[in-house]
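Everything on this sheet refers to the single structure shown next.
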Amino acid sequence: MCRTADTHDNAAEKKVVLIIAILAGFITPFDGSAVNIALPTIGAEFHMDAISLSWVATAYLLSSAVCLVPFGKIADIYGRKKVFLYGIAIFSLASLLMTMVPSTEMFIRIRVLQGVGSAMIFGTGVAILTSAFPPGERGKVLGIYITAVYLGLSLGPFLGGMMTHYLGWRSIFFVNVPLGIITVLLILWKLKGDWLECKGEKFDLIGSIIYSAAVIATMYGFSVLPDITGAALIAAGLGGVIIFAFYEMRVPFPVLDIRLLTKNRVFALSNLSALINYSATFAVTFLLSLDLQYTKGFTPEHAGLILIAQPVVQAIISPAAGRLSDRIEPRIVASAGMSLTCLGLFLLIFLTETTPIWYLIICLLVLGAGFGLFSSPNTNAIMSAVDKRFYGVASGMNGTMRLLGQMLSMGIAMMIFAIVIGPVQITPEYYPQFISSLHYAFILFTIFCIIGVFASLVRGKTGLDHTGVSGVNKKILTVNGTRVYLNFIYFIRHFLIRSYNIYNLEGFYLLSHIQSKTVS
């Protein structure tokens with residue numbers, strides 16, 4: 001039976017946990033974004049066709065999404081440290097094997113193995129951080145962790161391109177090996193806790209199989225839209241989700257306790273907000289990179305330098321947003337972030353072939369600020385909404401929403417291209433249709449974000465108060481105009497103060513000191 005274990009993490013171990021999480025949080029997104037840059041070179045060496053090349057990315061995403069929730073539950077039962085350690089080891093071993101693959105088939109198989117290792121890392125990394133740090137410190141460390149993830153995403157295309165050009169594509173995978181070894185040694189040497197709150201439970205194998213089949217059908221369906229096969233697979237996947245839900249309500253030890261979604265409003269709507277946010281934002285970089293290279297005539301290197309503005313801002317803002325979510329209700333911070341994202345997407349609706357670059361950069365900065373404000377507070381809300389015994393599953397669920405949102409976002413973009421442009425190369429004669437496709441995509445993404453703002457606001461209060469006391473089933477406060485307005489003003493004021501504190505600007509340090517005295 002699951003129980004809530006006592007915590008005895010000291011300050012030294014907390015630092016070790018954070019360092020390990022930062023290393024792991026950097027490795028996997030760096031690998032994914034760097035490999036995407038190297039795909040043309042990899043395809044040329046192995047003589048891959050377009051379908052095989054797409055499977056290099058799809059196989060990794062599918063295996064990660066399928067394994068996130070099951071491995072989260074396994075970590076709750078057998079120990080999060082064990083699963084995290086094995087995940088790092090598998091990911092590093094797979095990276096080493098990638099440098100020696102002889103064929104396309106073996107390449108894709110090892111990418112599947114690498115995806116499994118990635119799922120074990122992401123399914124437990126956030127859970128370990130949440131277990132090691134109390135509610136009053138949780139937002140701060142989640143913000144730092146997410147900054148590491150953004151740095152991996154930001155540096156991946158740039159460093160991946162440089163490494164592929166000067167050292168070959170195998171260097172992208174080989175660099176994971178020493179980082180993985182360092183992380184494994186740190187875990188074995190310094191990490192003492194194991195954080196298993198469901199010791200003795202049986203693992204729900206049948207439920208995991210049903211869940212995996214539903215996720216595979218849904219995600220693969222999105223990847224082949226607008227083909228009729230894609231729609232059929234998505235329908236089959238949704239049917240599998242319904243079957244999975246009914247089955248899980250009837251087993252004593254479910255892989256995913258459905259009550260987390262039906263009885264826990266904060267957890268359910270926070271995950272829905274994450275799904276909507278990723279669905280509305282993931283394809284933006286893809287679409288804008290095409291716009292910059294086709295209609296604006298930029299080289300891939302110059303386009304990448306422009307697009308890096310968004311993740312850099314995300315990395316700068318995330319720590320401040322995480323700290324704020326320790327002091328201010330995470331719902332308010334995340335909702336403000338989603339609103340900024342909505343504004344950025346709305347501004348992109350007006351792109352034309354002659355739009356100046358400064359306008360595009362402003363849009364990217366607004367989007368980066370919005371996502372930076374949203375991500376760590378929303379993750380804080382998800383993890384604070386459940387008891388410790390569910391941390392692994394909650395972490396896995398959050399990761400699954402991320403991957404599903406990414407696939408949905410790309411599926412929508414591909415569907416719009418297929419309908420508006422058709423199966424043709426994007427040449428100057430088709431630029432008007434291409435720009436129209438961008439407009440339709442950004443309109444749809446903006447509508448998604450408006451729905452996301454509503455879902456984020458009505459989720460209610462997390463089971464976290466600012467004295468560090470958590471309680472899962474607290475009464476949900478009614479959202480009214482006055483309270484939302486006051487909370488939003490409170491958020492803006494403290495965000496400015498806390499942001500400048502982080503970067504040690506003396507004037508705002510004094511203001512923060514005066515503010516703290518006034519509040520006390």
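Within each chain, counting starts at residue 1; across the structure tokens, chains are named A, B, ... in the order shown, with ligands numbered 1 upward in that order.
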Compile a residue-level contact table for region 274-298 of chain A against region 440-448 of chain A at a cut-off of 8 Å, reporting for every qualifying residue the shortest atom pair and its distance in Å to one decimal, with only C-alpha atoms counted, rows ordered by chain and ascending number, as CSV.
```
residue,atom,partner,partner_atom,distance
A:Ile276,CA,A:Phe448,CA,6.3
A:Asn277,CA,A:Phe448,CA,7.7
A:Ser279,CA,A:Phe445,CA,7.5
A:Ala280,CA,A:Phe445,CA,4.5
A:Thr281,CA,A:Phe445,CA,7.3
```
Helix (DSSP H, G or I) per DSSP on the backbone: members of region 56-278 of chain A, as an MDAnalysis selection string: chainID A and resid 56:78 80:98 104:132 135:167 170:174 176:190 205:223 228:248 259:262 265:278
Atom pair CA of Ser289 (chain A) + CA of Tyr431 (chain A), distance 14.1 Å
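Nearest-residue note for Leu256 (chain A): choosing from A:Thr183, A:Pro70, A:Lys140, A:Leu287, the minimum distance belongs to A:Pro70, counting only C-alpha atoms.
Minimum atom-to-atom distance to Asn264 (chain A), evaluated using only C-alpha atoms, belongs to A:Ser384 out of A:Thr124, A:Ser92, A:Ser384, A:Thr130.
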Near Pro252 (chain A), within 12 Å and counting only C-alpha atoms, which residues show up once chain neighbours fewer than 2 positions away are dropped, as number ranges by chain? A: 1-2, 201-204, 207, 247-250, 254-258
Take the residues from that selection and write them out as a compact mmCIF listing (two decimals), in the first residue's frame, keeping N, CA and C atoms.
```
# COMPACT_ATOMS: atom_id res chain seq x y z
N MET A 1 0.86 -1.20 0.00
CA MET A 1 0.00 0.00 0.00
C MET A 1 0.88 1.24 0.00
N CYS A 2 0.49 2.22 -0.76
CA CYS A 2 1.25 3.47 -0.81
C CYS A 2 1.19 4.16 0.52
N GLU A 201 3.59 -2.68 -3.57
CA GLU A 201 2.49 -2.71 -4.55
C GLU A 201 2.86 -3.59 -5.74
N LYS A 202 1.85 -4.13 -6.40
CA LYS A 202 2.06 -4.85 -7.64
C LYS A 202 1.97 -3.87 -8.81
N PHE A 203 2.84 -4.10 -9.79
CA PHE A 203 2.82 -3.24 -10.98
C PHE A 203 1.70 -3.68 -11.91
N ASP A 204 0.95 -2.70 -12.38
CA ASP A 204 -0.20 -2.96 -13.24
C ASP A 204 0.27 -3.14 -14.69
N GLY A 207 -2.73 -2.80 -17.44
CA GLY A 207 -3.07 -1.39 -17.61
C GLY A 207 -2.00 -0.65 -18.38
N TYR A 247 -10.74 0.32 -17.00
CA TYR A 247 -9.96 -0.77 -16.41
C TYR A 247 -9.26 -0.32 -15.13
N GLU A 248 -8.67 0.88 -15.18
CA GLU A 248 -7.91 1.36 -14.02
C GLU A 248 -8.79 1.59 -12.80
N MET A 249 -10.07 1.87 -13.01
CA MET A 249 -10.97 2.08 -11.88
C MET A 249 -11.36 0.78 -11.19
N ARG A 250 -10.97 -0.35 -11.80
CA ARG A 250 -11.39 -1.65 -11.27
C ARG A 250 -10.23 -2.49 -10.74
N PRO A 254 -3.63 0.57 -9.63
CA PRO A 254 -3.57 1.06 -11.01
C PRO A 254 -2.25 1.76 -11.32
N VAL A 255 -1.84 1.69 -12.59
CA VAL A 255 -0.63 2.41 -13.00
C VAL A 255 -0.90 3.92 -12.96
N LEU A 256 -2.14 4.32 -13.20
CA LEU A 256 -2.55 5.73 -13.08
C LEU A 256 -3.88 5.77 -12.34
N ASP A 257 -3.86 6.29 -11.14
CA ASP A 257 -5.08 6.40 -10.35
C ASP A 257 -5.99 7.44 -11.00
N ILE A 258 -7.09 6.98 -11.60
CA ILE A 258 -7.98 7.86 -12.35
C ILE A 258 -8.57 8.94 -11.46
```
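With only C-alpha atoms as the atoms that count, the residue of A:Ile450, A:Leu288, A:Ala309, A:Leu269 with the shortest distance to Asn378 (chain A) is A:Leu269.
Contact shell of Arg138 (chain A) at 9 Å (only C-alpha atoms; same-chain neighbours under 4 positions omitted): Leu129, Thr130, Ala132, Phe133, Pro134, Leu142, Gly143, Gly322, Arg323, Ser325, Asp326, Asn380 and Ser384 of chain A.
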What's around region 16-22 of chain A at 8 Å? Count only C-alpha atoms, leave out sequence neighbours fewer than 6 positions away in its own chain, and write the answer as a PDB file with N, CA, C and O atoms, in the first residue's frame.
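Below is the file that was written, part-v4.pdb:
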```
ATOM      1  N   GLY A 125      12.890  12.550 -12.749  1.00  0.00           N
ATOM      2  CA  GLY A 125      13.695  13.718 -12.383  1.00  0.00           C
ATOM      3  C   GLY A 125      12.924  14.751 -11.598  1.00  0.00           C
ATOM      4  O   GLY A 125      13.351  15.185 -10.514  1.00  0.00           O
ATOM      5  N   VAL A 126      11.761  15.154 -12.111  1.00  0.00           N
ATOM      6  CA  VAL A 126      10.933  16.137 -11.411  1.00  0.00           C
ATOM      7  C   VAL A 126      10.417  15.564 -10.097  1.00  0.00           C
ATOM      8  O   VAL A 126      10.307  16.262  -9.086  1.00  0.00           O
ATOM      9  N   ILE A 128      11.917  13.379  -8.134  1.00  0.00           N
ATOM     10  CA  ILE A 128      13.004  13.401  -7.139  1.00  0.00           C
ATOM     11  C   ILE A 128      13.193  14.811  -6.592  1.00  0.00           C
ATOM     12  O   ILE A 128      13.356  15.011  -5.377  1.00  0.00           O
ATOM     13  N   LEU A 129      13.182  15.804  -7.471  1.00  0.00           N
ATOM     14  CA  LEU A 129      13.292  17.191  -6.999  1.00  0.00           C
ATOM     15  C   LEU A 129      12.159  17.537  -6.045  1.00  0.00           C
ATOM     16  O   LEU A 129      12.381  18.160  -4.997  1.00  0.00           O
ATOM     17  N   ALA A 132      12.692  15.852  -2.688  1.00  0.00           N
ATOM     18  CA  ALA A 132      13.829  16.323  -1.890  1.00  0.00           C
ATOM     19  C   ALA A 132      13.633  17.721  -1.325  1.00  0.00           C
ATOM     20  O   ALA A 132      14.214  18.055  -0.296  1.00  0.00           O
ATOM     21  N   VAL A 141      13.643  25.493  -7.358  1.00  0.00           N
ATOM     22  CA  VAL A 141      14.470  24.447  -7.961  1.00  0.00           C
ATOM     23  C   VAL A 141      13.859  23.936  -9.268  1.00  0.00           C
ATOM     24  O   VAL A 141      14.587  23.573 -10.198  1.00  0.00           O
ATOM     25  N   ILE A 144      15.010  26.338 -11.870  1.00  0.00           N
ATOM     26  CA  ILE A 144      16.402  26.097 -12.260  1.00  0.00           C
ATOM     27  C   ILE A 144      16.493  24.874 -13.169  1.00  0.00           C
ATOM     28  O   ILE A 144      17.208  24.875 -14.187  1.00  0.00           O
ATOM     29  N   TYR A 145      15.749  23.820 -12.819  1.00  0.00           N
ATOM     30  CA  TYR A 145      15.740  22.598 -13.632  1.00  0.00           C
ATOM     31  C   TYR A 145      15.224  22.884 -15.042  1.00  0.00           C
ATOM     32  O   TYR A 145      15.820  22.449 -16.038  1.00  0.00           O
ATOM     33  N   ALA A 148      17.708  24.535 -17.211  1.00  0.00           N
ATOM     34  CA  ALA A 148      18.655  23.585 -17.804  1.00  0.00           C
ATOM     35  C   ALA A 148      18.061  22.931 -19.051  1.00  0.00           C
ATOM     36  O   ALA A 148      18.757  22.732 -20.055  1.00  0.00           O
ATOM     37  N   VAL A 149      16.766  22.603 -18.988  1.00  0.00           N
ATOM     38  CA  VAL A 149      16.084  22.014 -20.140  1.00  0.00           C
ATOM     39  C   VAL A 149      16.088  22.995 -21.312  1.00  0.00           C
ATOM     40  O   VAL A 149      16.385  22.632 -22.461  1.00  0.00           O
ATOM     41  N   THR A 183      27.108  11.826 -14.230  1.00  0.00           N
ATOM     42  CA  THR A 183      25.836  11.800 -13.501  1.00  0.00           C
ATOM     43  C   THR A 183      25.665  10.495 -12.735  1.00  0.00           C
ATOM     44  O   THR A 183      25.244  10.495 -11.570  1.00  0.00           O
ATOM     45  N   LEU A 186      27.913  10.521  -9.660  1.00  0.00           N
ATOM     46  CA  LEU A 186      27.354  11.397  -8.626  1.00  0.00           C
ATOM     47  C   LEU A 186      26.202  10.716  -7.895  1.00  0.00           C
ATOM     48  O   LEU A 186      26.086  10.812  -6.670  1.00  0.00           O
ATOM     49  N   ILE A 187      25.347  10.027  -8.639  1.00  0.00           N
ATOM     50  CA  ILE A 187      24.217   9.334  -8.015  1.00  0.00           C
ATOM     51  C   ILE A 187      24.712   8.255  -7.062  1.00  0.00           C
ATOM     52  O   ILE A 187      24.252   8.146  -5.918  1.00  0.00           O
ATOM     53  N   LYS A 190      26.963  10.199  -4.062  1.00  0.00           N
ATOM     54  CA  LYS A 190      26.423  11.221  -3.183  1.00  0.00           C
ATOM     55  C   LYS A 190      24.935  11.080  -2.847  1.00  0.00           C
ATOM     56  O   LYS A 190      24.500  11.582  -1.818  1.00  0.00           O
ATOM     57  N   LEU A 191      24.167  10.448  -3.725  1.00  0.00           N
ATOM     58  CA  LEU A 191      22.716  10.428  -3.523  1.00  0.00           C
ATOM     59  C   LEU A 191      22.332   9.253  -2.626  1.00  0.00           C
ATOM     60  O   LEU A 191      22.509   8.089  -3.000  1.00  0.00           O
TER      61      LEU A 191
END
```
Nearest to Cys67 (chain A), restricted to only C-alpha atoms and choosing among A:Leu340, A:Ser52, A:Val393, A:Ala89, comes out as A:Val393
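Shortest separation to Ile42 (chain A) among A:Ile228, A:Val56, A:Val112, A:Ile361 occurs at residue A:Val56, atoms counted being only C-alpha atoms.
Considering only C-alpha atoms, the residue among A:Leu290, A:Val175, A:Leu68, A:Ala57 positioned nearest to Phe417 (chain A) is A:Leu290.
Using only C-alpha atoms, the residues found no farther than 8 Å from region 161-163 of chain A, other than those of its own chain fewer than 4 positions away, are A:Ala34, A:Ile37, A:Ala38, A:Pro157, A:Leu167, A:Gly168, A:Trp169, A:Ser171, A:Ile172.
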Exercise. Using only C-alpha atoms, which residues sit within 12 Å of Pro428 (chain A) once same-chain residues fewer than 2 positions away are excluded, as a PyMOL selection string?
Worked result: chain A and resi 291+293-297+353+424-426+430-435
Keeping only C-alpha atoms, write the selected residues to a file as a PDB file, in the first residue's frame.
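out.pdb written:
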```pdb
ATOM      1  CA  ASP A 291       9.313  31.605 -43.007  1.00  0.00           C
ATOM      2  CA  GLN A 293      14.503  30.704 -44.842  1.00  0.00           C
ATOM      3  CA  TYR A 294      11.890  30.739 -47.616  1.00  0.00           C
ATOM      4  CA  THR A 295      10.214  34.140 -47.700  1.00  0.00           C
ATOM      5  CA  LYS A 296      12.966  36.154 -45.973  1.00  0.00           C
ATOM      6  CA  GLY A 297      15.926  34.380 -47.609  1.00  0.00           C
ATOM      7  CA  GLU A 353       6.449  38.455 -46.611  1.00  0.00           C
ATOM      8  CA  VAL A 424       4.369  20.552 -53.501  1.00  0.00           C
ATOM      9  CA  GLN A 425       7.702  22.176 -52.798  1.00  0.00           C
ATOM     10  CA  ILE A 426       7.531  25.634 -51.207  1.00  0.00           C
ATOM     11  CA  TYR A 430       3.504  29.258 -53.480  1.00  0.00           C
ATOM     12  CA  TYR A 431       4.652  31.881 -50.952  1.00  0.00           C
ATOM     13  CA  PRO A 432       1.162  33.467 -50.687  1.00  0.00           C
ATOM     14  CA  GLN A 433      -0.351  30.082 -49.798  1.00  0.00           C
ATOM     15  CA  PHE A 434       2.511  29.468 -47.358  1.00  0.00           C
ATOM     16  CA  ILE A 435       1.847  32.789 -45.590  1.00  0.00           C
TER      17      ILE A 435
END
```
Atom pair CA of Arg402 (chain A) + CA of Met48 (chain A), distance 28.2 Å
